[in-house]
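With compact mmCIF, N, CA and C atoms inside, this is coords-v6.txt:
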```
# COMPACT_ATOMS: atom_id res chain seq x y z
N ALA A 30 185.25 194.57 115.81
CA ALA A 30 185.58 194.20 114.44
C ALA A 30 187.02 193.75 114.38
N ALA A 31 187.29 192.74 113.57
CA ALA A 31 188.66 192.24 113.43
C ALA A 31 189.39 193.00 112.33
N HIS A 32 190.60 193.33 112.60
CA HIS A 32 191.49 193.94 111.62
C HIS A 32 192.72 193.06 111.59
N GLY A 33 193.53 193.20 110.59
CA GLY A 33 194.68 192.34 110.57
C GLY A 33 195.68 192.67 109.50
N VAL A 34 196.57 191.72 109.29
CA VAL A 34 197.67 191.85 108.35
C VAL A 34 197.69 190.60 107.49
N ARG A 35 197.86 190.77 106.22
CA ARG A 35 198.02 189.64 105.30
C ARG A 35 199.44 189.71 104.76
N VAL A 36 200.19 188.65 104.96
CA VAL A 36 201.55 188.56 104.46
C VAL A 36 201.52 187.79 103.15
N ILE A 37 202.10 188.39 102.10
CA ILE A 37 202.12 187.75 100.79
C ILE A 37 203.57 187.59 100.32
N ASP A 38 203.79 186.64 99.43
CA ASP A 38 205.10 186.38 98.85
C ASP A 38 205.21 187.17 97.55
N LEU A 39 206.08 188.18 97.55
CA LEU A 39 206.21 189.03 96.37
C LEU A 39 207.16 188.45 95.32
N THR A 40 207.73 187.29 95.59
CA THR A 40 208.67 186.69 94.64
C THR A 40 207.97 185.81 93.62
N GLY A 41 206.73 185.45 93.88
CA GLY A 41 206.00 184.57 92.96
C GLY A 41 204.98 185.35 92.15
N SER A 42 204.38 184.67 91.21
CA SER A 42 203.31 185.27 90.44
C SER A 42 202.29 184.18 90.15
N PRO A 43 201.03 184.32 90.52
CA PRO A 43 200.51 185.45 91.29
C PRO A 43 201.09 185.44 92.71
N PHE A 44 200.83 186.48 93.45
CA PHE A 44 201.40 186.65 94.78
C PHE A 44 200.61 185.83 95.80
N PRO A 45 201.13 184.67 96.20
CA PRO A 45 200.38 183.82 97.12
C PRO A 45 200.40 184.37 98.55
N VAL A 46 199.31 184.14 99.25
CA VAL A 46 199.22 184.52 100.66
C VAL A 46 200.06 183.55 101.46
N VAL A 47 200.95 184.09 102.28
CA VAL A 47 201.78 183.27 103.15
C VAL A 47 201.03 182.99 104.45
N ARG A 48 200.44 184.03 105.00
CA ARG A 48 199.71 183.87 106.26
C ARG A 48 198.87 185.11 106.54
N ASP A 49 197.72 184.91 107.16
CA ASP A 49 196.87 186.01 107.64
C ASP A 49 196.97 186.07 109.15
N PHE A 50 197.10 187.27 109.68
CA PHE A 50 197.12 187.49 111.12
C PHE A 50 195.94 188.39 111.45
N ALA A 51 195.03 187.93 112.28
CA ALA A 51 193.86 188.72 112.65
C ALA A 51 194.06 189.32 114.03
N PHE A 52 193.79 190.60 114.14
CA PHE A 52 193.87 191.33 115.40
C PHE A 52 192.53 191.98 115.65
N THR A 53 192.22 192.29 116.86
CA THR A 53 190.88 192.82 117.17
C THR A 53 190.94 194.16 117.89
N TYR A 54 192.02 194.89 117.76
CA TYR A 54 192.17 196.13 118.51
C TYR A 54 192.00 197.37 117.63
N GLU A 55 191.42 198.39 118.17
CA GLU A 55 191.40 199.75 117.66
C GLU A 55 190.89 199.88 116.24
N ASN A 56 191.48 200.79 115.46
CA ASN A 56 190.93 201.18 114.18
C ASN A 56 191.71 200.69 112.98
N GLY A 57 192.08 199.46 112.98
CA GLY A 57 192.76 198.89 111.83
C GLY A 57 194.26 199.08 111.88
N THR A 58 194.95 198.26 111.12
CA THR A 58 196.39 198.31 111.06
C THR A 58 196.81 199.27 109.97
N THR A 59 197.65 200.25 110.31
CA THR A 59 198.08 201.27 109.36
C THR A 59 199.56 201.19 109.05
N ALA A 60 200.32 200.41 109.83
CA ALA A 60 201.75 200.25 109.60
C ALA A 60 202.19 198.92 110.21
N MET A 61 203.25 198.34 109.65
CA MET A 61 203.76 197.09 110.20
C MET A 61 205.22 196.91 109.81
N THR A 62 205.93 196.14 110.61
CA THR A 62 207.28 195.71 110.27
C THR A 62 207.61 194.47 111.10
N PHE A 63 208.40 193.59 110.52
CA PHE A 63 208.90 192.45 111.27
C PHE A 63 210.20 192.84 111.96
N LEU A 64 210.41 192.36 113.19
CA LEU A 64 211.67 192.55 113.86
C LEU A 64 212.67 191.53 113.33
N ALA A 65 213.94 191.72 113.66
CA ALA A 65 215.02 190.91 113.09
C ALA A 65 214.86 189.41 113.34
N ASP A 66 214.18 189.02 114.42
CA ASP A 66 214.02 187.59 114.71
C ASP A 66 213.06 186.89 113.76
N GLY A 67 212.31 187.65 112.97
CA GLY A 67 211.36 187.08 112.02
C GLY A 67 210.10 186.51 112.65
N GLU A 68 210.01 186.53 113.97
CA GLU A 68 208.85 185.98 114.67
C GLU A 68 208.10 187.02 115.48
N THR A 69 208.58 188.26 115.46
CA THR A 69 207.90 189.34 116.16
C THR A 69 207.46 190.37 115.14
N LEU A 70 206.17 190.67 115.14
CA LEU A 70 205.58 191.64 114.22
C LEU A 70 205.16 192.86 115.02
N ALA A 71 205.58 194.03 114.58
CA ALA A 71 205.13 195.28 115.18
C ALA A 71 204.06 195.87 114.27
N THR A 72 202.91 196.23 114.86
CA THR A 72 201.84 196.86 114.09
C THR A 72 201.48 198.19 114.72
N GLY A 73 201.08 199.13 113.88
CA GLY A 73 200.59 200.42 114.34
C GLY A 73 199.15 200.57 113.92
N THR A 74 198.37 201.26 114.73
CA THR A 74 196.95 201.42 114.45
C THR A 74 196.62 202.85 114.06
N GLY A 75 195.43 203.01 113.49
CA GLY A 75 195.01 204.28 112.94
C GLY A 75 194.40 205.24 113.93
N ALA A 76 193.59 206.13 113.38
CA ALA A 76 192.98 207.22 114.15
C ALA A 76 192.29 206.70 115.41
N GLY A 77 192.18 207.55 116.34
CA GLY A 77 191.68 207.16 117.66
C GLY A 77 192.84 207.30 118.61
N PHE A 78 193.19 206.25 119.27
CA PHE A 78 194.36 206.24 120.14
C PHE A 78 195.45 205.41 119.49
N GLY A 79 195.94 205.84 118.36
CA GLY A 79 196.95 205.10 117.62
C GLY A 79 197.97 204.48 118.55
N SER A 80 198.20 203.21 118.40
CA SER A 80 199.09 202.47 119.29
C SER A 80 200.03 201.61 118.49
N VAL A 81 201.10 201.16 119.16
CA VAL A 81 202.04 200.20 118.59
C VAL A 81 201.93 198.92 119.40
N TYR A 82 201.80 197.81 118.71
CA TYR A 82 201.70 196.50 119.34
C TYR A 82 202.85 195.62 118.87
N LEU A 83 203.34 194.77 119.75
CA LEU A 83 204.29 193.72 119.37
C LEU A 83 203.59 192.38 119.52
N TRP A 84 203.71 191.55 118.47
CA TRP A 84 203.02 190.28 118.42
C TRP A 84 204.01 189.14 118.19
N ASP A 85 203.83 188.05 118.87
CA ASP A 85 204.57 186.82 118.62
C ASP A 85 203.82 186.07 117.53
N VAL A 86 204.38 186.06 116.32
CA VAL A 86 203.70 185.41 115.20
C VAL A 86 204.42 184.13 114.79
N GLY A 87 205.26 183.60 115.67
CA GLY A 87 206.01 182.41 115.37
C GLY A 87 205.27 181.12 115.65
N SER A 88 204.02 181.22 116.09
CA SER A 88 203.24 180.02 116.38
C SER A 88 202.80 179.35 115.08
N PRO A 89 202.45 178.09 115.14
CA PRO A 89 202.01 177.37 113.93
C PRO A 89 200.77 178.03 113.31
N ASP A 90 200.61 177.80 112.00
CA ASP A 90 199.42 178.31 111.31
C ASP A 90 198.17 177.86 112.04
N GLY A 91 197.18 178.73 112.07
CA GLY A 91 195.93 178.42 112.74
C GLY A 91 195.90 178.91 114.18
N GLN A 92 197.06 179.17 114.75
CA GLN A 92 197.12 179.70 116.11
C GLN A 92 197.14 181.22 116.04
N PRO A 93 196.35 181.89 116.87
CA PRO A 93 196.36 183.36 116.84
C PRO A 93 197.68 183.90 117.38
N PRO A 94 198.11 185.06 116.88
CA PRO A 94 199.33 185.66 117.41
C PRO A 94 199.12 186.07 118.87
N ARG A 95 200.20 186.02 119.64
CA ARG A 95 200.14 186.39 121.05
C ARG A 95 200.67 187.81 121.21
N GLU A 96 199.89 188.66 121.88
CA GLU A 96 200.33 190.03 122.13
C GLU A 96 201.46 190.03 123.16
N LEU A 97 202.59 190.65 122.79
CA LEU A 97 203.73 190.73 123.69
C LEU A 97 203.77 192.05 124.44
N ALA A 98 203.40 193.14 123.77
CA ALA A 98 203.46 194.47 124.39
C ALA A 98 202.63 195.44 123.57
N ARG A 99 202.25 196.55 124.20
CA ARG A 99 201.57 197.62 123.49
C ARG A 99 201.88 198.95 124.14
N GLY A 100 201.82 200.00 123.35
CA GLY A 100 202.04 201.35 123.86
C GLY A 100 201.27 202.34 123.01
N GLY A 101 200.77 203.39 123.65
CA GLY A 101 199.99 204.41 122.95
C GLY A 101 200.85 205.55 122.46
N THR A 102 200.27 206.33 121.56
CA THR A 102 200.98 207.49 121.01
C THR A 102 200.67 208.77 121.77
N GLY A 103 199.84 208.71 122.76
CA GLY A 103 199.64 209.89 123.59
C GLY A 103 198.26 210.48 123.63
N GLY A 104 197.37 210.09 122.78
CA GLY A 104 196.03 210.64 122.87
C GLY A 104 195.25 210.52 121.58
N PRO A 105 194.04 211.07 121.57
CA PRO A 105 193.17 210.97 120.41
C PRO A 105 193.80 211.61 119.17
N SER A 106 193.41 211.11 118.04
CA SER A 106 193.81 211.65 116.73
C SER A 106 195.29 211.49 116.44
N HIS A 107 195.94 210.52 117.03
CA HIS A 107 197.34 210.24 116.73
C HIS A 107 197.41 208.86 116.07
N ALA A 108 197.62 208.85 114.78
CA ALA A 108 197.73 207.58 114.06
C ALA A 108 199.19 207.23 113.85
N VAL A 109 199.47 205.94 113.76
CA VAL A 109 200.82 205.46 113.45
C VAL A 109 200.88 205.23 111.94
N HIS A 110 201.79 205.93 111.27
CA HIS A 110 201.86 205.84 109.81
C HIS A 110 203.08 205.05 109.33
N GLN A 111 204.08 204.87 110.19
CA GLN A 111 205.28 204.17 109.77
C GLN A 111 205.95 203.53 110.97
N LEU A 112 206.48 202.33 110.78
CA LEU A 112 207.27 201.64 111.79
C LEU A 112 208.57 201.17 111.15
N VAL A 113 209.66 201.27 111.88
CA VAL A 113 210.97 200.83 111.40
C VAL A 113 211.63 200.05 112.52
N ALA A 114 212.26 198.94 112.19
CA ALA A 114 212.98 198.14 113.18
C ALA A 114 214.44 198.03 112.76
N ALA A 115 215.33 198.15 113.71
CA ALA A 115 216.76 198.01 113.45
C ALA A 115 217.10 196.55 113.19
N ARG A 116 218.02 196.28 112.32
CA ARG A 116 218.42 194.90 112.03
C ARG A 116 219.00 194.22 113.25
N SER A 117 219.56 194.99 114.16
CA SER A 117 220.17 194.42 115.36
C SER A 117 219.11 194.09 116.42
N GLY A 118 217.86 194.42 116.15
CA GLY A 118 216.78 194.12 117.07
C GLY A 118 216.54 195.26 117.98
```
Final structure tokens representation of the file:
Amino acid sequence: AAHGVRVIDLTGSPFPVVRDFAFTYENGTTAMTFLADGETLATGTGAGFGSVYLWDVGSPDGQPPRELARGGTGGPSHAVHQLVAARSG
């Protein structure tokens, strides 16, 4: 099953969709943050083997994001609930 992230513009009304990113791993996306470069998205997944993924989302619309890295939280029943990225990268 595909899970993903929908990025919306909160400055407009109604809130237009900027871009959809579809991912196909694990149990859905439960947390996300963009890194300082604006082209790398970190996502965390839910129950199961909650993991953190880094995605290159700087490709043109219509191109799927490229997985840059992934890491697990250590075992079953560990979900990722929050991600934070430093402004310095």
Separation of atom C of Gly75 of chain A and atom C of Gly87 of chain A, in Å?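 One can read the atom C of Gly75 of chain A to atom C of Gly87 of chain A distance as 26.5 Å.
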Between atom CA of Thr69 of chain A and atom CA of Thr40 of chain A, what distance in Å does the model show, to one decimal?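 Straight-line distance from atom CA of Thr69 of chain A to atom CA of Thr40 of chain A works out to 21.7 Å.
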Please compute the atom CA of Ser117 of chain A-atom CA of Thr58 of chain A distance, one decimal, in Å.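 Distance reported for this atom pair: 24.5 Å.
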Applying 7 Å and all atoms listed in the file, which residues near Thr72 of chain A remain after dropping the ones on its own chain fewer than 4 positions away? List them as a CSV table (one decimal) with N, CA and C atoms, in the frame of the given file.
```csv
chain,number,residue,atom,x,y,z
A,58,THR,N,195.0,198.3,111.1
A,58,THR,CA,196.4,198.3,111.1
A,58,THR,C,196.8,199.3,110.0
A,59,THR,N,197.6,200.2,110.3
A,59,THR,CA,198.1,201.3,109.4
A,59,THR,C,199.6,201.2,109.0
A,60,ALA,N,200.3,200.4,109.8
A,60,ALA,CA,201.8,200.2,109.6
A,60,ALA,C,202.2,198.9,110.2
A,61,MET,N,203.2,198.3,109.6
A,61,MET,CA,203.8,197.1,110.2
A,61,MET,C,205.2,196.9,109.8
A,62,THR,N,205.9,196.1,110.6
A,62,THR,CA,207.3,195.7,110.3
A,62,THR,C,207.6,194.5,111.1
A,80,SER,N,198.2,203.2,118.4
A,80,SER,CA,199.1,202.5,119.3
A,80,SER,C,200.0,201.6,118.5
A,81,VAL,N,201.1,201.2,119.2
A,81,VAL,CA,202.0,200.2,118.6
A,81,VAL,C,201.9,198.9,119.4
A,82,TYR,N,201.8,197.8,118.7
A,82,TYR,CA,201.7,196.5,119.3
A,82,TYR,C,202.8,195.6,118.9
A,83,LEU,N,203.3,194.8,119.8
A,83,LEU,CA,204.3,193.7,119.4
A,83,LEU,C,203.6,192.4,119.5
A,84,TRP,N,203.7,191.6,118.5
A,84,TRP,CA,203.0,190.3,118.4
A,84,TRP,C,204.0,189.1,118.2
```
Pick out the closest residue to Gly73 of chain A from this set: A:Val86, A:Val109, A:Ala98, A:Ala115. Count all atoms listed in the file. A:Val109
Smallest atom-to-atom distance to His107 of chain A: which of A:Pro93, A:Asp85, A:Gly79, A:Phe50, using only N, CA and C atoms? A:Gly79
Which residue is closest to Ala114 of chain A? Choose from A:Val36, A:Leu64, A:Gly57, A:Pro43 and count only N, CA and C atoms.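 Nearest to Ala114 of chain A: A:Leu64.
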Near-Arg48 of chain A list (8 Å; all atoms listed in the file; drop same-chain fewer than 5 positions) as a ChimeraX atom specification: /A:34-38,90
Kindly save the residues from that selection, with N, CA and C atoms included, as a CSV table (one decimal), keeping the file's coordinate frame.
```
chain,number,residue,atom,x,y,z
A,34,VAL,N,196.6,191.7,109.3
A,34,VAL,CA,197.7,191.8,108.4
A,34,VAL,C,197.7,190.6,107.5
A,35,ARG,N,197.9,190.8,106.2
A,35,ARG,CA,198.0,189.6,105.3
A,35,ARG,C,199.4,189.7,104.8
A,36,VAL,N,200.2,188.6,105.0
A,36,VAL,CA,201.6,188.6,104.5
A,36,VAL,C,201.5,187.8,103.2
A,37,ILE,N,202.1,188.4,102.1
A,37,ILE,CA,202.1,187.8,100.8
A,37,ILE,C,203.6,187.6,100.3
A,38,ASP,N,203.8,186.6,99.4
A,38,ASP,CA,205.1,186.4,98.8
A,38,ASP,C,205.2,187.2,97.6
A,90,ASP,N,200.6,177.8,112.0
A,90,ASP,CA,199.4,178.3,111.3
A,90,ASP,C,198.2,177.9,112.0
```
